[in-house]
$ cat target-v8.cif   # mmCIF, C-alpha atoms
data_my_file
#
loop_
_atom_site.label_atom_id
_atom_site.label_comp_id
_atom_site.auth_asym_id
_atom_site.auth_seq_id
_atom_site.Cartn_x
_atom_site.Cartn_y
_atom_site.Cartn_z
CA MET U 1 -41.25 119.72 0.82
CA ASN U 2 -38.95 120.77 -2.03
CA LEU U 3 -36.89 117.59 -1.55
CA LEU U 4 -40.00 115.40 -1.83
CA PHE U 5 -41.01 117.23 -5.01
CA GLU U 6 -37.51 116.81 -6.46
CA LEU U 7 -37.53 113.09 -5.64
CA ARG U 8 -40.93 112.59 -7.28
CA GLU U 9 -39.87 114.57 -10.31
CA GLY U 10 -36.58 112.66 -10.47
CA PHE U 11 -38.41 109.33 -10.43
CA GLY U 12 -40.68 110.46 -13.25
CA ILE U 13 -37.85 111.66 -15.49
CA SER U 14 -35.69 108.61 -14.73
CA TRP U 15 -38.42 106.10 -15.57
CA ALA U 16 -39.23 108.00 -18.76
CA ALA U 17 -35.56 107.80 -19.78
CA LEU U 18 -35.44 104.06 -19.01
CA ARG U 19 -38.57 103.38 -21.08
CA ALA U 20 -37.14 105.41 -23.94
CA ASN U 21 -33.98 103.23 -24.01
CA LYS U 22 -35.40 99.78 -23.26
CA MET U 23 -32.65 97.72 -24.91
CA ARG U 24 -29.83 99.67 -23.30
CA SER U 25 -31.53 99.50 -19.90
CA ALA U 26 -32.07 95.76 -20.27
CA LEU U 27 -28.41 95.13 -21.11
CA ALA U 28 -27.29 97.27 -18.16
CA THR U 29 -29.70 95.38 -15.91
CA LEU U 30 -28.31 92.01 -17.05
CA GLY U 31 -24.95 92.63 -15.41
CA ILE U 32 -26.60 93.50 -12.10
CA VAL U 33 -28.88 90.44 -12.35
CA ILE U 34 -25.85 88.16 -12.65
CA GLY U 35 -24.00 89.90 -9.79
CA ILE U 36 -26.93 89.93 -7.35
CA LEU U 37 -27.94 86.39 -8.33
CA THR U 38 -24.51 84.95 -7.49
CA VAL U 39 -24.34 86.79 -4.16
CA THR U 40 -27.90 85.75 -3.23
CA LEU U 41 -27.44 82.09 -4.16
CA MET U 42 -24.20 81.90 -2.20
CA GLY U 43 -25.91 83.38 0.85
CA ALA U 44 -28.91 81.04 0.50
CA ALA U 45 -26.64 77.99 0.19
CA ILE U 46 -24.54 78.87 3.24
CA ASN U 47 -27.65 79.78 5.25
CA GLY U 48 -29.32 76.47 4.35
CA LEU U 49 -26.24 74.43 5.15
CA ASN U 50 -25.84 76.22 8.48
CA GLN U 51 -29.42 75.43 9.47
CA ALA U 52 -29.13 71.80 8.34
CA PHE U 53 -25.88 71.43 10.28
CA ILE U 54 -27.39 72.89 13.46
CA ARG U 55 -30.33 70.50 13.14
CA ASN U 56 -27.94 67.58 12.76
CA VAL U 57 -25.60 68.51 15.57
CA SER U 58 -28.49 69.24 17.95
CA ALA U 59 -28.96 65.47 18.19
CA LEU U 60 -25.75 65.42 20.24
CA GLY U 61 -27.45 67.43 22.98
CA ALA U 62 -26.43 70.90 24.14
CA ASN U 63 -26.08 69.68 27.73
CA VAL U 64 -24.28 66.39 27.03
CA PHE U 65 -20.54 65.91 27.51
CA TYR U 66 -18.57 63.19 25.72
CA VAL U 67 -15.60 61.90 27.73
CA SER U 68 -13.23 60.20 25.33
CA ARG U 69 -9.65 59.14 24.84
CA TYR U 70 -9.50 61.55 21.88
CA LYS U 71 -10.31 65.21 21.38
CA TRP U 72 -12.72 65.77 18.51
CA PHE U 73 -10.54 68.42 16.88
CA ASN U 74 -6.74 68.10 17.02
CA ASN U 75 -4.40 71.04 16.64
CA SER U 76 -1.58 68.98 15.14
CA TYR U 77 -0.37 65.52 14.25
CA GLU U 78 1.72 65.57 17.41
CA ASP U 79 -1.42 66.11 19.51
CA TRP U 80 -3.08 63.16 17.83
CA MET U 81 -0.06 60.92 18.50
CA ASN U 82 -0.03 61.99 22.15
CA MET U 83 -3.70 61.09 22.47
CA ARG U 84 -3.05 57.69 20.94
CA ARG U 85 -0.72 56.99 23.84
CA ARG U 86 -3.45 57.67 26.37
CA PRO U 87 -4.90 54.61 28.15
CA LYS U 88 -8.32 53.50 26.95
CA ILE U 89 -11.31 54.28 29.12
CA THR U 90 -12.59 51.11 30.78
CA LEU U 91 -16.05 50.03 31.89
CA ALA U 92 -14.90 50.06 35.52
CA GLU U 93 -13.85 53.72 35.18
CA ALA U 94 -17.20 54.60 33.63
CA GLU U 95 -19.06 52.89 36.49
CA ASN U 96 -16.94 54.68 39.10
CA LEU U 97 -17.54 57.99 37.36
CA ALA U 98 -21.32 57.42 37.38
CA ARG U 99 -21.20 56.59 41.08
CA LEU U 100 -19.17 59.67 42.09
CA LEU U 101 -20.81 62.41 39.99
CA THR U 102 -23.42 64.48 41.83
CA ILE U 103 -24.63 66.98 39.22
CA ALA U 104 -25.01 64.65 36.26
CA GLN U 105 -28.51 63.55 35.32
CA ALA U 106 -27.38 60.44 33.42
CA VAL U 107 -24.10 58.69 32.59
CA ALA U 108 -23.92 56.23 29.69
CA PRO U 109 -20.69 54.48 28.62
CA THR U 110 -20.75 53.57 24.92
CA ALA U 111 -18.62 51.50 22.56
CA GLU U 112 -19.04 51.06 18.81
CA ASP U 113 -18.09 48.64 16.07
CA ASP U 114 -19.18 48.02 12.47
CA ASP U 115 -20.34 44.45 11.89
CA PRO U 116 -22.36 42.39 9.41
CA VAL U 117 -25.89 41.49 10.54
CA LYS U 118 -27.99 38.56 9.30
CA TYR U 119 -31.58 37.42 9.60
CA GLN U 120 -32.39 34.13 7.85
CA ASN U 121 -31.15 34.62 4.26
CA ARG U 122 -31.00 38.43 4.45
CA SER U 123 -27.95 40.38 5.50
CA ALA U 124 -26.69 43.93 5.99
CA ASP U 125 -23.04 44.99 6.01
CA SER U 126 -21.35 47.69 8.07
CA VAL U 127 -24.15 48.18 10.57
CA THR U 128 -23.07 50.34 13.53
CA VAL U 129 -23.30 48.19 16.66
CA ILE U 130 -23.40 50.18 19.91
CA GLY U 131 -22.82 48.72 23.34
CA THR U 132 -24.27 50.85 26.12
CA THR U 133 -26.54 50.93 29.18
CA GLU U 134 -30.12 51.96 29.95
CA ALA U 135 -28.95 55.59 30.54
CA TYR U 136 -28.26 55.94 26.78
CA LEU U 137 -31.97 56.60 26.33
CA GLN U 138 -31.50 59.90 28.22
CA THR U 139 -28.10 60.99 26.92
CA SER U 140 -28.58 60.30 23.21
CA GLY U 141 -32.13 61.52 22.62
CA VAL U 142 -33.21 58.23 20.98
CA ASP U 143 -36.74 56.92 21.43
CA VAL U 144 -38.36 53.54 20.97
CA ALA U 145 -41.03 53.10 18.30
CA ASP U 146 -41.89 49.50 19.10
CA GLY U 147 -41.00 47.18 21.98
CA ARG U 148 -38.72 48.43 24.74
CA PHE U 149 -35.25 49.79 25.45
CA LEU U 150 -32.54 48.37 27.72
CA THR U 151 -33.31 48.03 31.43
CA VAL U 152 -30.96 48.07 34.43
CA ALA U 153 -31.21 44.28 34.54
CA ASP U 154 -30.23 44.09 30.85
CA SER U 155 -27.22 46.33 31.42
CA GLU U 156 -25.98 44.32 34.40
CA GLY U 157 -26.81 40.88 33.01
CA THR U 158 -25.60 38.84 30.07
CA GLN U 159 -28.82 38.34 28.11
CA PRO U 160 -28.12 38.49 24.34
CA ILE U 161 -30.77 41.06 23.42
CA CYS U 162 -30.71 44.07 21.10
CA ILE U 163 -32.67 47.12 19.91
CA ILE U 164 -32.47 47.76 16.18
CA GLY U 165 -32.68 50.95 14.14
CA ASN U 166 -35.43 51.72 11.66
CA ASP U 167 -33.32 50.99 8.56
CA VAL U 168 -32.13 47.66 9.99
CA ALA U 169 -35.74 46.64 10.70
CA THR U 170 -36.83 47.62 7.19
CA ASN U 171 -33.94 45.92 5.38
CA LEU U 172 -33.91 42.67 7.33
CA PHE U 173 -37.58 42.11 8.15
CA ARG U 174 -39.40 43.86 5.26
CA GLY U 175 -42.72 44.48 6.95
CA GLU U 176 -42.51 41.55 9.34
CA SER U 177 -42.47 42.41 13.05
CA PRO U 178 -38.90 42.02 14.33
CA LEU U 179 -39.87 41.73 18.00
CA GLY U 180 -38.89 38.38 19.45
CA LYS U 181 -36.92 37.38 16.36
CA ARG U 182 -33.25 36.45 16.56
CA ILE U 183 -30.57 38.01 14.39
CA ARG U 184 -26.88 37.26 14.09
CA ILE U 185 -24.34 39.99 14.76
CA ALA U 186 -20.72 39.01 14.06
CA ASP U 187 -21.89 35.35 14.16
CA GLN U 188 -23.48 35.79 17.61
CA SER U 189 -27.22 35.37 18.13
CA PHE U 190 -29.29 38.20 19.66
CA GLN U 191 -33.01 38.56 20.31
CA VAL U 192 -34.71 41.77 19.12
CA VAL U 193 -36.67 43.42 21.95
CA GLY U 194 -37.19 46.88 20.46
CA VAL U 195 -37.13 49.09 17.36
CA LEU U 196 -35.93 52.70 17.49
CA GLN U 197 -37.86 55.59 16.02
CA LYS U 198 -36.56 56.94 12.72
CA GLN U 199 -33.94 59.66 13.24
CA GLY U 200 -32.53 60.46 9.80
CA MET U 201 -28.97 61.48 8.93
CA MET U 202 -26.09 63.12 10.79
CA PHE U 203 -22.93 64.26 8.98
CA GLY U 204 -23.83 62.05 6.02
CA ASN U 205 -24.33 58.91 8.11
CA SER U 206 -27.63 57.23 8.84
CA LEU U 207 -28.67 57.19 12.50
CA ASP U 208 -31.14 54.41 11.67
CA ASN U 209 -28.57 51.88 10.47
CA ARG U 210 -27.51 50.82 13.96
CA ILE U 211 -28.13 48.24 16.66
CA ILE U 212 -27.90 48.76 20.44
CA LEU U 213 -26.70 46.02 22.80
CA PRO U 214 -26.00 45.87 26.53
CA LEU U 215 -22.41 47.02 26.97
CA ARG U 216 -21.31 43.92 28.90
CA GLU U 217 -22.67 41.71 26.15
CA PHE U 218 -20.91 43.89 23.55
CA LEU U 219 -17.57 43.48 25.35
CA THR U 220 -18.08 39.72 25.61
CA ASP U 221 -19.34 38.84 22.14
CA ILE U 222 -18.46 41.73 19.79
CA TYR U 223 -15.27 43.57 20.77
CA SER U 224 -13.43 43.26 24.06
CA ARG U 225 -11.02 46.25 23.71
CA PRO U 226 -12.98 49.18 22.25
CA ASN U 227 -12.43 52.89 22.79
CA ILE U 228 -15.20 53.56 25.29
CA THR U 229 -16.81 57.00 25.29
CA ILE U 230 -18.79 58.17 28.31
CA GLN U 231 -21.84 60.34 27.63
CA VAL U 232 -22.65 62.56 30.62
CA LYS U 233 -25.86 64.57 30.63
CA ALA U 234 -25.89 67.64 32.87
CA GLY U 235 -29.01 68.57 34.79
CA SER U 236 -29.61 71.74 32.74
CA THR U 237 -27.79 74.08 30.36
CA GLY U 238 -27.42 76.54 33.26
CA GLN U 239 -25.19 74.03 35.08
CA LEU U 240 -22.85 73.27 32.17
CA ASP U 241 -19.74 74.98 33.54
CA GLU U 242 -20.19 73.53 37.02
CA ALA U 243 -21.00 70.08 35.65
CA GLN U 244 -17.98 70.12 33.32
CA GLU U 245 -15.60 71.08 36.11
CA GLU U 246 -16.97 68.38 38.41
CA LEU U 247 -16.73 65.86 35.56
CA ARG U 248 -13.08 66.76 34.95
CA GLN U 249 -12.13 66.53 38.62
CA VAL U 250 -13.94 63.24 39.18
CA MET U 251 -12.47 61.74 36.01
CA ARG U 252 -8.97 62.68 37.16
CA ARG U 253 -9.72 61.04 40.50
CA VAL U 254 -11.04 57.88 38.81
CA ARG U 255 -7.88 57.68 36.68
CA HIS U 256 -5.62 58.33 39.71
CA LEU U 257 -3.90 61.37 38.22
CA ARG U 258 -1.60 63.45 40.40
CA PRO U 259 -2.09 67.24 40.49
CA ASP U 260 1.04 67.78 38.36
CA GLN U 261 -0.10 65.34 35.66
CA PRO U 262 -2.08 66.56 32.63
CA ASP U 263 -5.49 65.10 31.74
CA ASN U 264 -5.22 61.83 29.85
CA PHE U 265 -8.77 62.13 28.53
CA SER U 266 -10.81 64.73 26.66
CA ILE U 267 -14.20 66.26 27.40
CA ASN U 268 -15.98 67.05 24.14
CA GLN U 269 -19.17 69.00 23.65
CA GLN U 270 -21.59 70.01 20.90
CA ASP U 271 -20.41 73.63 20.80
CA GLN U 272 -16.92 72.51 19.68
CA ILE U 273 -18.41 71.13 16.46
CA VAL U 274 -20.54 74.24 15.96
CA LYS U 275 -17.52 76.52 16.48
CA TRP U 276 -15.40 74.51 14.05
CA PHE U 277 -18.15 74.49 11.42
CA HIS U 278 -18.70 78.23 11.68
CA GLU U 279 -14.96 78.82 11.28
CA GLN U 280 -14.96 76.76 8.09
CA THR U 281 -18.08 78.40 6.65
CA ALA U 282 -16.70 81.86 7.48
CA VAL U 283 -13.63 81.12 5.33
CA ILE U 284 -15.78 79.68 2.53
CA ALA U 285 -18.18 82.64 2.74
CA GLY U 286 -15.28 85.11 2.59
CA ILE U 287 -13.80 83.49 -0.51
CA GLY U 288 -17.24 83.13 -2.09
CA LEU U 289 -18.13 86.75 -1.35
CA PHE U 290 -14.90 87.95 -2.96
CA ILE U 291 -15.53 85.90 -6.11
CA THR U 292 -19.20 86.83 -6.41
CA SER U 293 -18.47 90.49 -5.69
CA LEU U 294 -16.33 90.54 -8.84
CA ALA U 295 -19.47 89.81 -10.87
CA LEU U 296 -21.27 92.62 -9.03
CA PHE U 297 -18.31 94.94 -9.65
CA VAL U 298 -18.43 94.22 -13.38
CA GLY U 299 -22.18 94.92 -13.34
CA GLY U 300 -21.54 98.21 -11.53
CA ILE U 301 -18.96 99.25 -14.13
CA GLY U 302 -21.56 98.55 -16.82
CA ILE U 303 -24.07 100.78 -15.05
CA MET U 304 -21.49 103.56 -14.74
CA ASN U 305 -20.68 103.35 -18.43
CA ILE U 306 -24.35 103.46 -19.42
CA MET U 307 -24.95 106.46 -17.17
CA PHE U 308 -22.01 108.38 -18.67
CA VAL U 309 -23.49 107.73 -22.11
CA SER U 310 -26.89 108.88 -20.85
CA VAL U 311 -25.41 112.11 -19.47
CA VAL U 312 -23.69 112.87 -22.80
CA GLU U 313 -26.86 112.18 -24.78
CA ARG U 314 -28.97 114.40 -22.51
CA THR U 315 -26.54 117.31 -22.15
CA ARG U 316 -28.95 119.75 -23.78
CA GLU U 317 -31.81 118.56 -21.54
CA ILE U 318 -29.60 119.15 -18.51
CA GLY U 319 -28.75 122.63 -19.77
CA VAL U 320 -32.43 123.52 -20.24
CA ARG U 321 -33.35 122.28 -16.75
CA LYS U 322 -30.51 124.21 -15.13
CA ALA U 323 -31.36 127.33 -17.16
CA ILE U 324 -34.93 127.36 -15.79
CA GLY U 325 -33.73 127.01 -12.19
CA ALA U 326 -32.95 123.35 -11.46
CA LYS U 327 -30.42 123.03 -8.65
CA HIS U 328 -27.27 120.92 -8.66
CA ARG U 329 -28.98 118.64 -6.12
CA THR U 330 -31.98 118.14 -8.42
CA ILE U 331 -29.84 116.98 -11.35
CA LEU U 332 -27.72 114.81 -9.08
CA LEU U 333 -30.81 113.08 -7.63
CA GLN U 334 -32.28 112.55 -11.09
CA PHE U 335 -29.34 110.51 -12.35
CA LEU U 336 -28.76 108.72 -9.04
CA ILE U 337 -32.40 107.62 -9.05
CA GLU U 338 -32.03 106.41 -12.64
CA ALA U 339 -28.94 104.32 -11.79
CA ALA U 340 -30.49 102.98 -8.57
CA SER U 341 -33.71 102.09 -10.43
CA ILE U 342 -31.80 100.04 -12.99
CA CYS U 343 -29.98 98.15 -10.24
CA LEU U 344 -33.11 97.69 -8.10
CA PHE U 345 -35.01 96.26 -11.05
CA GLY U 346 -32.09 93.93 -11.77
CA GLY U 347 -31.95 92.92 -8.10
CA LEU U 348 -35.66 92.03 -8.06
CA ILE U 349 -35.25 89.91 -11.18
CA ALA U 350 -32.24 88.19 -9.58
CA LEU U 351 -34.26 87.44 -6.44
CA GLY U 352 -37.00 85.83 -8.51
CA ILE U 353 -34.48 83.61 -10.28
CA ALA U 354 -32.72 82.86 -6.98
CA TRP U 355 -36.01 81.77 -5.40
CA LEU U 356 -36.65 79.27 -8.19
CA ALA U 357 -33.03 78.08 -8.08
CA THR U 358 -33.22 77.64 -4.30
CA LEU U 359 -36.29 75.42 -4.65
CA ALA U 360 -34.50 73.29 -7.26
CA VAL U 361 -31.27 73.02 -5.25
CA THR U 362 -33.18 72.07 -2.09
CA GLN U 363 -35.13 69.43 -3.98
CA TRP U 364 -32.22 67.77 -5.78
CA LEU U 365 -28.88 68.65 -4.14
CA PHE U 366 -28.70 70.08 -0.61
CA PRO U 367 -30.83 72.32 1.65
CA ALA U 368 -30.76 76.03 0.77
CA ASN U 369 -32.70 78.80 2.47
CA LEU U 370 -33.52 82.17 0.92
CA SER U 371 -34.33 83.94 4.18
CA ALA U 372 -35.90 87.37 4.63
CA GLY U 373 -32.52 88.70 5.77
CA ILE U 374 -30.86 87.63 2.51
CA VAL U 375 -33.69 89.22 0.49
CA ILE U 376 -33.35 92.53 2.35
CA ILE U 377 -29.55 92.52 1.98
CA SER U 378 -29.86 91.79 -1.75
CA VAL U 379 -32.27 94.70 -2.27
CA VAL U 380 -30.07 97.07 -0.25
CA VAL U 381 -26.93 95.96 -2.12
CA SER U 382 -28.74 96.50 -5.44
CA ILE U 383 -29.67 100.06 -4.52
CA LEU U 384 -26.22 100.84 -3.11
CA THR U 385 -24.57 99.48 -6.26
CA GLY U 386 -26.73 101.81 -8.34
CA VAL U 387 -25.94 104.82 -6.15
CA VAL U 388 -22.19 104.14 -6.12
CA SER U 389 -22.02 103.34 -9.85
CA GLY U 390 -24.13 106.33 -10.83
CA PHE U 391 -22.51 108.90 -8.57
CA LEU U 392 -19.69 110.05 -10.90
CA PRO U 393 -21.95 110.42 -13.96
CA ALA U 394 -24.59 112.17 -11.81
CA TRP U 395 -21.93 114.47 -10.32
CA ARG U 396 -20.69 115.32 -13.79
CA ALA U 397 -24.23 116.17 -14.89
CA ALA U 398 -24.88 118.25 -11.76
CA ARG U 399 -21.68 120.29 -12.24
CA MET U 400 -22.33 120.98 -15.92
CA ASP U 401 -22.30 124.63 -17.04
CA PRO U 402 -25.81 125.42 -18.38
CA VAL U 403 -24.47 127.76 -21.08
CA GLU U 404 -22.05 125.15 -22.41
CA ALA U 405 -24.76 122.48 -22.15
CA LEU U 406 -27.22 124.53 -24.21
CA ARG U 407 -24.63 124.96 -26.97
CA SER U 408 -24.43 121.20 -27.26
CA GLU U 409 -26.07 119.57 -30.25
#
$ encode --input "target-v8.cif" --output "C-alpha cells"
Amino acid sequence: MNLLFELREGFGISWAALRANKMRSALATLGIVIGILTVTLMGAAINGLNQAFIRNVSALGANVFYVSRYKWFNNSYEDWMNMRRRPKITLAEAENLARLLTIAQAVAPTAEDDDPVKYQNRSADSVTVIGTTEAYLQTSGVDVADGRFLTVADSEGTQPICIIGNDVATNLFRGESPLGKRIRIADQSFQVVGVLQKQGMMFGNSLDNRIILPLREFLTDIYSRPNITIQVKAGSTGQLDEAQEELRQVMRRVRHLRPDQPDNFSINQQDQIVKWFHEQTAVIAGIGLFITSLALFVGGIGIMNIMFVSVVERTREIGVRKAIGAKHRTILLQFLIEAASICLFGGLIALGIAWLATLAVTQWLFPANLSAGIVIISVVVSILTGVVSGFLPAWRAARMDPVEALRSE
C-alpha cells in the first residue's frame, strides 16, 4: 500500500516539476524523440521488407523443388566454376524423372530465354519466354484469366501456340482480345490461346511480362540448348524430406551416376532463399541498430544531464522531504519517474512521427510496417532509457544528507 502511495505521489511531483520547466523538458525530450524515431523507423523498414520478401518468395511454393545445373547460392567462385562444368539437364532426363518418381504430385521441366515479341506494328523487348509442359500450371501457381493453358497434347505435339502474361497482353493488344491472334517471338509465329492472371513482381522483376510455350516447340524454334530446370511439386509439406531424398536418388539414377560420384545437379528450394535473406537482413539490422542506438545513447546522456541539474536545483526540496520522513526509496522513485516520464513522452511523440513516416515511405518508396511488436518495443525502450539515464541522479538525490540539503540555498 505504501509503495502505491509513493508511486502516485512520485508521479504528481514529477509532472509538476516537468510543467514548471517546460522548455528544459522539451529540449530533453527532443533527444529521445530522435533516438526512438530512428530505431522505430529502422524496425518498421526491415519488418516491411521481410513481409514483402516472404510474399514474393511464396510464389515459388513451399513444397516445390527446383532441380537445376546450378545451386542458387554458391559458396565460392570455385564452386560456381565446378557447376559450370556439369552437363546440362535434358528433356529426356526430365521425362525419365517424371516417369520414375512416385511421391511427386507434378513434374514440369522449364527453359527460359529473353526475346523480342511483335504483334502487327507493336513490339516488346526482353520478354521472358518460358518453354514448359502442362504440369507447370501445378508447380508454378499460375492461373489463366482468359482462354486456356497447355494440354498434354500441346506438350507432346508441335503446335506453335502460346499463353501470354497480363503485361504482354496489355502492351501488345491494348484492350483488344488476344485470343486467336498470332504474335511473333524471335521471328517465329505463335497463336495466343490463353492469358495469365496478373501476378505482380518478384525480386524486382515482373511476373506478367512473360510468355509460355510448349517446351518441345521452345527447343525447336527459340533455343535448342537451354539450361533446363525441373520443377517438382511434392504431395504435401509433410512429405518434403522423403520427396527430396527420392528426387535425389532418382535423379542420380537418371544421370547414371555411380555411388562414389558426387551429384552433378542441385536441388533448390524456397527455404534456401528465405534463409539467405534473413542472414542478410540480420547483418543489416545489427549495423543499423548500432548506428541508431548511438542517437538513443546521446538522448540518454541529455536526460541524465538534465536530471543532475534538476537534483541540484531541488536540493532544498529534497532535504525538506527527507526531514519530514521521506525514505530513500521515495526520493529515488520520484526522480526515476520524472526521467522515465520524459522519455516515455518523447517515445510517444516519436511513434506518432514514425507512423506518418511509415505511411509516406510505403506510398512512395518501399513497403514498411509499423507492427504492434515494434510499438511495444519502442515504448519499453523509452521507459528503460529513462530509468537507466535517471538512475545516477536519482541515487544521488536519495543518498543526500537532509541536514546538508537544508543548508543549501
$ atom_distance --input "target-v8.cif" --atom1 "atom CA of Arg182 of chain U" --atom2 "atom CA of Gly147 of chain U"
14.3 Å
$ atom_distance --input "target-v8.cif" --atom1 "atom CA of Ile377 of chain U" --atom2 "atom CA of Gln280 of chain U"
22.3 Å
$ resolve_selection --input "target-v8.cif" --expression "the PyMOL selection byres ((chain U and resi 80-86) around 12)" --output "PyMOL selection string"
chain U and resi 68-79+87-89+227+255+262-266
$ write_last_selection --input "target-v8.cif" --atoms "C-alpha atoms" --output "mmCIF file, keeping the file's coordinate frame"
data_model
loop_
_atom_site.group_PDB
_atom_site.id
_atom_site.type_symbol
_atom_site.label_atom_id
_atom_site.label_comp_id
_atom_site.auth_asym_id
_atom_site.auth_seq_id
_atom_site.Cartn_x
_atom_site.Cartn_y
_atom_site.Cartn_z
ATOM 1 C CA SER U 68 -13.230 60.200 25.330
ATOM 2 C CA ARG U 69 -9.650 59.140 24.840
ATOM 3 C CA TYR U 70 -9.500 61.550 21.880
ATOM 4 C CA LYS U 71 -10.310 65.210 21.380
ATOM 5 C CA TRP U 72 -12.720 65.770 18.510
ATOM 6 C CA PHE U 73 -10.540 68.420 16.880
ATOM 7 C CA ASN U 74 -6.740 68.100 17.020
ATOM 8 C CA ASN U 75 -4.400 71.040 16.640
ATOM 9 C CA SER U 76 -1.580 68.980 15.140
ATOM 10 C CA TYR U 77 -0.370 65.520 14.250
ATOM 11 C CA GLU U 78 1.720 65.570 17.410
ATOM 12 C CA ASP U 79 -1.420 66.110 19.510
ATOM 13 C CA PRO U 87 -4.900 54.610 28.150
ATOM 14 C CA LYS U 88 -8.320 53.500 26.950
ATOM 15 C CA ILE U 89 -11.310 54.280 29.120
ATOM 16 C CA ASN U 227 -12.430 52.890 22.790
ATOM 17 C CA ARG U 255 -7.880 57.680 36.680
ATOM 18 C CA PRO U 262 -2.080 66.560 32.630
ATOM 19 C CA ASP U 263 -5.490 65.100 31.740
ATOM 20 C CA ASN U 264 -5.220 61.830 29.850
ATOM 21 C CA PHE U 265 -8.770 62.130 28.530
ATOM 22 C CA SER U 266 -10.810 64.730 26.660
#
$ residues_near_point --input "target-v8.cif" --point "(-26.5, 79.5, -0.8)" --cutoff "10 Å" --atoms "all atoms listed in the file" --output "short mmCIF file (atom, residue, chain, number, x, y, z; two decimals) with C-alpha atoms, keeping the file's coordinate frame"
data_model
loop_
_atom_site.label_atom_id
_atom_site.label_comp_id
_atom_site.auth_asym_id
_atom_site.auth_seq_id
_atom_site.Cartn_x
_atom_site.Cartn_y
_atom_site.Cartn_z
CA THR U 38 -24.51 84.95 -7.49
CA VAL U 39 -24.34 86.79 -4.16
CA THR U 40 -27.90 85.75 -3.23
CA LEU U 41 -27.44 82.09 -4.16
CA MET U 42 -24.20 81.90 -2.20
CA GLY U 43 -25.91 83.38 0.85
CA ALA U 44 -28.91 81.04 0.50
CA ALA U 45 -26.64 77.99 0.19
CA ILE U 46 -24.54 78.87 3.24
CA ASN U 47 -27.65 79.78 5.25
CA GLY U 48 -29.32 76.47 4.35
CA LEU U 49 -26.24 74.43 5.15
CA ASN U 50 -25.84 76.22 8.48
CA ALA U 285 -18.18 82.64 2.74
CA ALA U 354 -32.72 82.86 -6.98
CA ALA U 357 -33.03 78.08 -8.08
CA THR U 358 -33.22 77.64 -4.30
CA VAL U 361 -31.27 73.02 -5.25
CA PHE U 366 -28.70 70.08 -0.61
CA PRO U 367 -30.83 72.32 1.65
CA ALA U 368 -30.76 76.03 0.77
CA ASN U 369 -32.70 78.80 2.47
CA LEU U 370 -33.52 82.17 0.92
CA ILE U 374 -30.86 87.63 2.51
#
$ atom_distance --input "target-v8.cif" --atom1 "atom CA of Leu207 of chain U" --atom2 "atom CA of Ile164 of chain U"
10.8 Å
$ closest_residue --input "target-v8.cif" --among "U:Lys181, U:Ala326, U:Ile36, U:Gln120" --to "Leu289 of chain U" --atoms "only C-alpha atoms"
U:Ile36
$ resolve_selection --input "target-v8.cif" --expression "the PyMOL selection byres ((chain U and resi 307) around 8)" --output "PyMOL selection string"
chain U and resi 303-306+308-311+335+339+390+393-394
$ resolve_selection --input "target-v8.cif" --expression "the PyMOL selection byres ((chain U and resi 170) around 12)" --output "list of chain:residue names"
U:Tyr119, U:Arg122, U:Ser123, U:Ala124, U:Ile164, U:Gly165, U:Asn166, U:Asp167, U:Val168, U:Ala169, U:Asn171, U:Leu172, U:Phe173, U:Arg174, U:Gly175, U:Glu176, U:Ser177, U:Pro178, U:Val195, U:Leu196, U:Gln197, U:Lys198, U:Asp208, U:Asn209, U:Arg210
$ write_last_selection --input "target-v8.cif" --atoms "C-alpha atoms" --output "PDB file, keeping the file's coordinate frame"
ATOM      1  CA  TYR U 119     -31.580  37.420   9.600  1.00  0.00           C
ATOM      2  CA  ARG U 122     -31.000  38.430   4.450  1.00  0.00           C
ATOM      3  CA  SER U 123     -27.950  40.380   5.500  1.00  0.00           C
ATOM      4  CA  ALA U 124     -26.690  43.930   5.990  1.00  0.00           C
ATOM      5  CA  ILE U 164     -32.470  47.760  16.180  1.00  0.00           C
ATOM      6  CA  GLY U 165     -32.680  50.950  14.140  1.00  0.00           C
ATOM      7  CA  ASN U 166     -35.430  51.720  11.660  1.00  0.00           C
ATOM      8  CA  ASP U 167     -33.320  50.990   8.560  1.00  0.00           C
ATOM      9  CA  VAL U 168     -32.130  47.660   9.990  1.00  0.00           C
ATOM     10  CA  ALA U 169     -35.740  46.640  10.700  1.00  0.00           C
ATOM     11  CA  ASN U 171     -33.940  45.920   5.380  1.00  0.00           C
ATOM     12  CA  LEU U 172     -33.910  42.670   7.330  1.00  0.00           C
ATOM     13  CA  PHE U 173     -37.580  42.110   8.150  1.00  0.00           C
ATOM     14  CA  ARG U 174     -39.400  43.860   5.260  1.00  0.00           C
ATOM     15  CA  GLY U 175     -42.720  44.480   6.950  1.00  0.00           C
ATOM     16  CA  GLU U 176     -42.510  41.550   9.340  1.00  0.00           C
ATOM     17  CA  SER U 177     -42.470  42.410  13.050  1.00  0.00           C
ATOM     18  CA  PRO U 178     -38.900  42.020  14.330  1.00  0.00           C
ATOM     19  CA  VAL U 195     -37.130  49.090  17.360  1.00  0.00           C
ATOM     20  CA  LEU U 196     -35.930  52.700  17.490  1.00  0.00           C
ATOM     21  CA  GLN U 197     -37.860  55.590  16.020  1.00  0.00           C
ATOM     22  CA  LYS U 198     -36.560  56.940  12.720  1.00  0.00           C
ATOM     23  CA  ASP U 208     -31.140  54.410  11.670  1.00  0.00           C
ATOM     24  CA  ASN U 209     -28.570  51.880  10.470  1.00  0.00           C
ATOM     25  CA  ARG U 210     -27.510  50.820  13.960  1.00  0.00           C
TER      26      ARG U 210
END
$ closest_residue --input "target-v8.cif" --among "U:Val33, U:Leu97, U:Ile318, U:Tyr223" --to "Arg248 of chain U" --atoms "only C-alpha atoms"
U:Leu97
$ closest_residue --input "target-v8.cif" --among "U:Phe149, U:Tyr66, U:Trp395, U:Tyr136" --to "Thr330 of chain U" --atoms "all atoms listed in the file"
U:Trp395
$ closest_residue --input "target-v8.cif" --among "U:Gly319, U:Gly235, U:Pro160, U:Gly288" --to "Ile185 of chain U" --atoms "only C-alpha atoms"
U:Pro160
$ axis_aligned_box --input "target-v8.cif" --around "segment 169-186 of chain U" --padding-each-side "6 Å" --output "AutoDock Vina command-line options"
--center_x -31.7 --center_y 42.0 --center_z 12.4 --size_x 34.0 --size_y 23.2 --size_z 26.2
$ residues_around --input "target-v8.cif" --residues "Val193 of chain U" --least-positions-apart "2" --cutoff "7 Å" --atoms "only C-alpha atoms" --output "number ranges by chain"
U: 147-148, 161-163, 179-180, 191
